[in-house]
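So this one's entry21.txt, compact mmCIF, C-alpha atoms:
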# COMPACT_ATOMS: atom_id res chain seq x y z
CA MET A 273 45.84 121.88 -47.03
CA ASN A 274 47.04 124.93 -45.15
CA GLU A 275 50.63 126.06 -44.84
CA PRO A 276 51.49 124.59 -41.40
CA VAL A 277 50.28 121.15 -42.48
CA LEU A 278 52.36 121.30 -45.65
CA ALA A 279 55.41 122.34 -43.65
CA ARG A 280 54.81 119.49 -41.21
CA LEU A 281 54.49 117.00 -44.05
CA GLN A 282 57.74 118.26 -45.58
CA GLN A 283 59.49 117.88 -42.23
CA LEU A 284 58.16 114.35 -41.83
CA MET A 285 59.19 113.41 -45.37
CA THR A 286 62.75 114.43 -44.47
CA LEU A 287 62.55 112.28 -41.37
CA ARG A 288 61.32 109.38 -43.48
CA GLU A 289 64.46 109.69 -45.60
CA GLU A 290 66.50 109.59 -42.40
CA VAL A 291 64.73 106.41 -41.31
CA GLU A 292 65.51 104.81 -44.65
CA THR A 293 69.18 105.70 -44.23
CA LEU A 294 69.33 104.41 -40.67
CA GLY A 295 67.23 101.27 -41.02
CA PRO A 296 68.37 97.77 -41.98
CA GLY A 297 69.47 97.55 -45.57
CA GLY A 298 70.76 101.12 -45.58
CA PRO A 299 74.45 101.95 -45.80
CA TRP A 300 76.68 100.93 -42.94
CA ILE A 301 77.74 104.04 -41.01
CA PRO A 302 79.92 103.06 -38.04
CA ALA A 303 79.42 105.24 -34.96
CA ALA A 304 82.34 107.52 -34.09
CA ASP A 305 83.57 109.90 -31.38
CA TRP A 306 86.29 112.53 -31.17
CA THR A 307 88.20 113.11 -27.94
CA ASP A 308 90.73 115.72 -26.86
CA GLU A 309 94.05 114.40 -25.54
CA ASP A 310 95.91 117.73 -25.00
CA THR A 311 98.63 117.32 -27.63
CA HIS A 312 96.50 114.97 -29.76
CA LEU A 313 93.00 114.53 -31.16
CA ALA A 314 91.65 111.00 -31.14
CA LEU A 315 89.00 109.48 -33.42
CA HIS A 316 87.21 106.39 -32.08
CA LEU A 317 85.26 104.28 -34.56
CA ASP A 318 83.06 101.25 -33.74
CA VAL A 319 84.14 98.48 -36.13
CA PRO A 320 83.25 95.17 -34.42
CA GLY A 321 84.28 92.09 -36.36
CA VAL A 322 86.24 94.13 -38.91
CA SER A 323 89.77 92.85 -39.56
CA ALA A 324 92.71 95.25 -39.32
CA GLU A 325 93.69 94.18 -42.85
CA SER A 326 90.46 95.49 -44.36
CA LEU A 327 90.74 98.93 -42.71
CA GLU A 328 92.11 101.87 -44.70
CA LEU A 329 92.64 105.46 -43.64
CA LEU A 330 92.99 108.40 -46.00
CA GLU A 331 93.95 111.82 -44.68
CA ASP A 332 93.25 114.77 -46.96
CA GLY A 333 93.88 118.22 -45.47
CA SER A 334 90.92 118.95 -43.24
CA THR A 335 89.32 115.51 -43.48
CA VAL A 336 90.06 111.86 -42.74
CA SER A 337 88.19 108.96 -44.33
CA VAL A 338 88.01 105.41 -43.07
CA THR A 339 86.94 102.44 -45.18
CA GLY A 340 86.62 98.81 -44.18
CA GLU A 341 84.51 95.74 -44.59
CA ARG A 342 83.33 92.59 -42.93
CA PRO A 343 81.88 89.60 -44.71
CA ALA A 344 78.36 88.33 -44.05
CA LEU A 345 78.30 85.37 -41.66
CA PRO A 346 77.85 81.98 -43.27
CA ARG A 347 74.51 80.21 -42.71
CA LEU A 348 72.75 83.35 -41.50
CA ILE A 349 69.26 82.74 -40.11
CA GLY A 350 68.44 86.40 -39.57
CA GLY A 351 69.50 89.60 -37.89
CA ASP A 352 70.43 93.22 -38.38
CA ARG A 353 74.24 93.40 -38.32
CA PRO A 354 75.41 95.45 -41.29
CA THR A 355 77.91 93.76 -43.57
CA GLY A 356 79.90 94.61 -46.67
CA THR A 357 81.95 97.76 -47.03
CA PHE A 358 81.60 101.05 -45.19
CA ARG A 359 83.12 104.45 -45.77
CA ARG A 360 82.89 107.38 -43.40
CA SER A 361 84.57 110.78 -43.67
CA PHE A 362 85.28 113.17 -40.82
CA THR A 363 86.29 116.81 -40.67
CA PHE A 364 88.97 117.34 -38.04
CA PRO A 365 87.41 119.26 -35.14
CA GLN A 366 90.71 121.17 -34.80
CA ASP A 367 93.73 121.59 -37.10
CA VAL A 368 96.14 118.66 -37.02
CA LEU A 369 99.66 118.20 -38.32
CA PRO A 370 99.58 116.29 -41.63
CA GLN A 371 100.56 112.60 -41.67
CA THR A 372 100.72 112.24 -37.89
CA GLY A 373 97.82 109.76 -37.60
CA GLU A 374 98.52 106.57 -35.66
CA ALA A 375 95.88 103.86 -35.69
CA GLN A 376 95.17 101.05 -33.25
CA LEU A 377 92.43 98.41 -33.31
CA ALA A 378 91.26 96.91 -30.01
CA ASN A 379 88.00 95.26 -28.91
CA GLY A 380 86.31 96.23 -32.16
CA VAL A 381 87.14 99.94 -31.76
CA LEU A 382 89.55 101.69 -34.15
CA THR A 383 91.36 104.57 -32.45
CA VAL A 384 93.35 107.03 -34.57
CA ARG A 385 95.45 109.72 -32.87
CA PHE A 386 96.49 112.88 -34.71
CA GLN A 387 98.96 115.45 -33.45
CA LYS A 388 97.30 118.84 -32.97
CA LYS A 389 98.65 121.87 -34.80
CA HIS A 390 97.85 124.02 -31.78
CA PRO A 391 98.08 121.83 -28.67
CA THR A 392 95.87 122.68 -25.75
CA ILE A 393 97.91 124.51 -23.13
CA ASP A 394 96.85 123.88 -19.58
CA VAL A 395 96.61 127.06 -17.52
CA GLN A 396 98.84 126.54 -14.51
CA VAL A 397 97.73 128.31 -11.38
CA GLU A 398 100.98 129.57 -9.87
CA SER A 399 101.13 129.84 -6.12
CA ARG A 400 102.57 133.25 -5.27
CA PRO A 401 105.14 133.39 -2.51
CA ASP A 402 104.36 135.94 0.20
CA HIS A 403 107.60 137.91 -0.31
CA PRO A 404 108.58 137.49 -3.93
CA THR A 405 112.19 138.10 -4.84
CA GLU A 406 112.64 139.97 -8.07
CA PRO A 407 115.94 138.87 -9.57
CA GLY A 408 117.76 141.25 -11.88
CA ARG A 409 116.29 144.40 -10.38
CA MET B 243 42.17 117.45 -44.36
CA ASN B 244 40.95 114.44 -46.26
CA GLU B 245 41.39 110.82 -45.23
CA PRO B 246 44.48 109.90 -47.33
CA VAL B 247 46.40 112.91 -45.98
CA LEU B 248 45.53 111.98 -42.41
CA ALA B 249 46.63 108.40 -43.02
CA ARG B 250 49.90 109.63 -44.54
CA LEU B 251 50.52 111.92 -41.56
CA GLN B 252 49.88 109.03 -39.18
CA GLN B 253 52.34 106.87 -41.11
CA LEU B 254 54.95 109.60 -41.01
CA MET B 255 54.44 110.18 -37.30
CA THR B 256 55.22 106.49 -36.74
CA LEU B 257 58.35 106.88 -38.81
CA ARG B 258 59.34 109.91 -36.75
CA GLU B 259 59.16 107.74 -33.64
CA GLU B 260 61.43 105.24 -35.36
CA VAL B 261 63.93 108.02 -36.15
CA GLU B 262 63.94 109.06 -32.53
CA THR B 263 64.64 105.49 -31.47
CA LEU B 264 67.42 105.06 -33.99
CA GLY B 265 69.04 108.47 -33.76
CA PRO B 266 71.69 109.68 -31.32
CA GLY B 267 70.41 109.94 -27.77
CA GLY B 268 68.00 107.03 -28.22
CA PRO B 269 68.49 103.70 -26.48
CA TRP B 270 71.51 101.65 -27.42
CA ILE B 271 70.38 98.56 -29.36
CA PRO B 272 73.42 96.54 -30.44
CA ALA B 273 73.05 94.86 -33.84
CA ALA B 274 72.75 91.06 -33.76
CA ASP B 275 72.66 88.03 -36.06
CA TRP B 276 71.69 84.38 -35.62
CA THR B 277 73.52 81.64 -37.51
CA ASP B 278 72.93 77.92 -37.89
CA GLU B 279 75.85 75.65 -36.97
CA ASP B 280 74.18 72.23 -37.45
CA THR B 281 74.22 71.04 -33.83
CA HIS B 282 74.21 74.60 -32.45
CA LEU B 283 72.59 77.99 -32.91
CA ALA B 284 74.89 81.00 -32.57
CA LEU B 285 73.98 84.54 -31.57
CA HIS B 286 76.42 87.26 -32.68
CA LEU B 287 76.14 90.66 -31.00
CA ASP B 288 78.13 93.81 -31.90
CA VAL B 289 79.52 95.16 -28.62
CA PRO B 290 82.64 97.17 -29.52
CA GLY B 291 84.49 98.60 -26.54
CA VAL B 292 82.34 96.66 -24.05
CA SER B 293 84.33 94.75 -21.42
CA ALA B 294 83.64 91.07 -20.84
CA GLU B 295 83.10 91.88 -17.16
CA SER B 296 80.13 94.15 -17.89
CA LEU B 297 78.34 91.58 -20.08
CA GLU B 298 75.55 89.45 -18.61
CA LEU B 299 73.43 86.78 -20.24
CA LEU B 300 70.09 85.56 -18.98
CA GLU B 301 68.38 82.57 -20.55
CA ASP B 302 64.69 82.16 -19.88
CA GLY B 303 62.94 79.35 -21.76
CA SER B 304 62.38 80.67 -25.26
CA THR B 305 64.38 83.88 -24.88
CA VAL B 306 67.88 85.06 -24.08
CA SER B 307 68.71 88.57 -22.86
CA VAL B 308 72.06 90.30 -22.98
CA THR B 309 72.98 93.36 -20.93
CA GLY B 310 76.20 95.29 -20.88
CA GLU B 311 77.65 98.76 -20.70
CA ARG B 312 80.51 100.94 -21.76
CA PRO B 313 81.44 104.23 -20.17
CA ALA B 314 81.48 107.52 -22.08
CA LEU B 315 84.97 108.49 -23.23
CA PRO B 316 86.68 111.16 -21.17
CA ARG B 317 87.14 114.61 -22.79
CA LEU B 318 84.61 113.94 -25.52
CA ILE B 319 84.48 116.62 -28.23
CA GLY B 320 81.56 115.10 -30.09
CA GLY B 321 80.27 112.05 -31.89
CA ASP B 322 77.51 109.49 -32.04
CA ARG B 323 78.81 106.36 -30.27
CA PRO B 324 76.15 105.17 -27.83
CA THR B 325 77.28 104.76 -24.24
CA GLY B 326 75.81 103.61 -20.95
CA THR B 327 73.90 100.37 -20.54
CA PHE B 328 72.10 98.33 -23.16
CA ARG B 329 69.69 95.43 -22.90
CA ARG B 330 68.45 93.35 -25.79
CA SER B 331 66.27 90.24 -25.71
CA PHE B 332 66.05 87.57 -28.37
CA THR B 333 63.63 84.74 -29.04
CA PHE B 334 65.50 81.59 -30.03
CA PRO B 335 64.85 80.96 -33.73
CA GLN B 336 64.72 77.20 -32.92
CA ASP B 337 64.36 75.24 -29.68
CA VAL B 338 67.61 74.93 -27.72
CA LEU B 339 68.62 72.78 -24.78
CA PRO B 340 68.47 74.82 -21.56
CA GLN B 341 71.71 76.07 -20.00
CA THR B 342 73.91 75.07 -22.91
CA GLY B 343 74.94 78.63 -23.87
CA GLU B 344 78.67 79.27 -24.21
CA ALA B 345 79.82 82.84 -24.72
CA GLN B 346 82.98 84.22 -26.27
CA LEU B 347 84.02 87.86 -26.82
CA ALA B 348 86.39 88.67 -29.69
CA ASN B 349 87.03 91.82 -31.74
CA GLY B 350 84.04 93.55 -30.18
CA VAL B 351 81.62 90.75 -31.14
CA LEU B 352 79.96 88.58 -28.49
CA THR B 353 79.19 85.09 -29.80
CA VAL B 354 76.95 82.78 -27.79
CA ARG B 355 76.44 79.18 -28.91
CA PHE B 356 73.43 77.14 -27.80
CA GLN B 357 72.93 73.45 -28.35
CA LYS B 358 69.89 72.76 -30.53
CA LYS B 359 67.08 70.56 -29.21
CA HIS B 360 66.60 69.16 -32.71
CA PRO B 361 69.94 69.30 -34.53
CA THR B 362 69.87 69.79 -38.27
CA ILE B 363 70.44 66.47 -39.98
CA ASP B 364 72.29 66.71 -43.26
CA VAL B 365 70.65 64.72 -46.03
CA GLN B 366 73.33 62.44 -47.42
CA VAL B 367 73.04 61.72 -51.10
CA GLU B 368 73.92 58.05 -51.33
CA SER B 369 75.56 56.86 -54.52
CA ARG B 370 73.65 53.83 -55.72
CA PRO B 371 75.68 50.90 -56.87
CA ASP B 372 74.75 49.65 -60.36
CA HIS B 373 73.79 46.17 -59.16
CA PRO B 374 72.45 46.54 -55.65
CA THR B 375 72.53 43.52 -53.42
CA GLU B 376 69.46 43.16 -51.28
CA PRO B 377 70.48 41.35 -48.15
CA GLY B 378 67.85 39.40 -46.26
CA ARG B 379 65.69 38.75 -49.30
What would the structure in this file look like if it were written as structure tokens?
Amino acid sequence: MNEPVLARLQQLMTLREEVETLGPGGPWIPAADWTDEDTHLALHLDVPGVSAESLELLEDGSTVSVTGERPALPRLIGGDRPTGTFRRSFTFPQDVLPQTGEAQLANGVLTVRFQKKHPTIDVQVESRPDHPTEPGR
Amino acid sequence: MNEPVLARLQQLMTLREEVETLGPGGPWIPAADWTDEDTHLALHLDVPGVSAESLELLEDGSTVSVTGERPALPRLIGGDRPTGTFRRSFTFPQDVLPQTGEAQLANGVLTVRFQKKHPTIDVQVESRPDHPTEPGR
């Protein structure tokens, strides 16, 4: 086999590992988003059917981890909903102030808001008066 | 390249397609389970953050389809939560009576119950009396 074929095979082997992680039976990795809310950063995590009691958040400097679980449904015929425990860690996309996280669970989405260390400052476009007065001069 | 290598490449190419389907940017396929509830069959669909108003169910003989959508979050920094519309179709695992579906949305999980055409009959283990009377003989 020549070099390009070997490289291609290697690339595809890596992809196979990704499939195995993503497919049914792999670990449960809830989907998540980060949004910017000026003074805060918000983490949104898809946790349908997970009870608030089972959710735990751990903040550790530059990262936040979320764990939780949901039991398997009784008398399951079949399907692909992941069950059991999950754990996902996130690096804060910007610096946050320690211990400011506030969590809320609604419609199967966990939202955690953290206060930014350096809040986004909106640039105000000031309308200049035609004849500005210059006080103090 | 010899035959086994070609076969392996083909297999890996298929897996690559699966990765592309599963990975971010692919279509949104909400996870689902079927459970048996004696007289009913229940479909459970993970739809976190999806409003009840956007959900639509269509029953068509042996299949049921669910569509819905959720908008992208404003001021998104990054993440992997799927957004936009989804559509997923299911074949009933057992025959159901038409137009008996009843849907309920709670904690980001849509549950739809259908009345079975042939309800499961529990086998009762009857305790035999020691000296059975045989009426009519």
List every residue of chain A that has an atom at most 6 Å from any atom of chain B, giving for each one its closest atom pair and the distance in Å to one decimal, counting only C-alpha atoms, sorted by chain and then by ascending residue number, as CSV.
residue,atom,partner,partner_atom,distance
A:Leu284,CA,B:Leu254,CA,5.8
A:Val291,CA,B:Val261,CA,5.5
A:Ala303,CA,B:Arg323,CA,4.9
A:Ala304,CA,B:Arg323,CA,5.3
A:Asp305,CA,B:Gly321,CA,4.0
A:Trp306,CA,B:Ile319,CA,5.4
A:Thr307,CA,B:Leu318,CA,4.4
A:Asp308,CA,B:Arg317,CA,5.5
A:Asp318,CA,B:Pro290,CA,5.9
A:Pro320,CA,B:Gly350,CA,4.6
A:Gly321,CA,B:Asn349,CA,5.4
A:Arg347,CA,B:Thr277,CA,5.5
A:Leu348,CA,B:Thr277,CA,4.4
A:Ile349,CA,B:Thr277,CA,5.1
A:Gly350,CA,B:Trp276,CA,5.5
A:Gly351,CA,B:Asp275,CA,4.0
A:Asp352,CA,B:Ala273,CA,5.5
A:Arg353,CA,B:Ala273,CA,4.9
A:Asn379,CA,B:Gly350,CA,4.5
A:Gly380,CA,B:Gly350,CA,4.0
A:Val381,CA,B:Pro290,CA,5.7
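Atom CA of Val336 of chain A to atom CA of Phe364 of chain A spans 7.3 Å [interatomic distance, one decimal].
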- Message: To one decimal place in Å, what is the distance between atom CA of Thr335 of chain A and atom CA of Gly356 of chain A?
- Response: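 Rounded to one decimal, the two atoms are 23.1 Å apart.
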- Go ahead and compute the interatomic distance for atom CA of Arg330 of chain B and atom CA of Thr362 of chain B, in Å to one decimal.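 Pair atom CA of Arg330 of chain B / atom CA of Thr362 of chain B returns 26.7 Å.
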- Neighbours of Thr281 of chain B within 10 Å (only C-alpha atoms; same-chain residues fewer than 4 positions away dropped), as a list in words? Val338, Arg355, Phe356, Gln357, Lys358, Lys359, His360, Pro361, Thr362 and Ile363 of chain B
- Query: Between B:Leu299, B:Ala249, B:Val367, B:Leu339, which is the closest to Val354 of chain B once you count all atoms listed in the file?
  - Reply: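 Among the listed residues, the smallest separation from Val354 of chain B belongs to B:Leu299.
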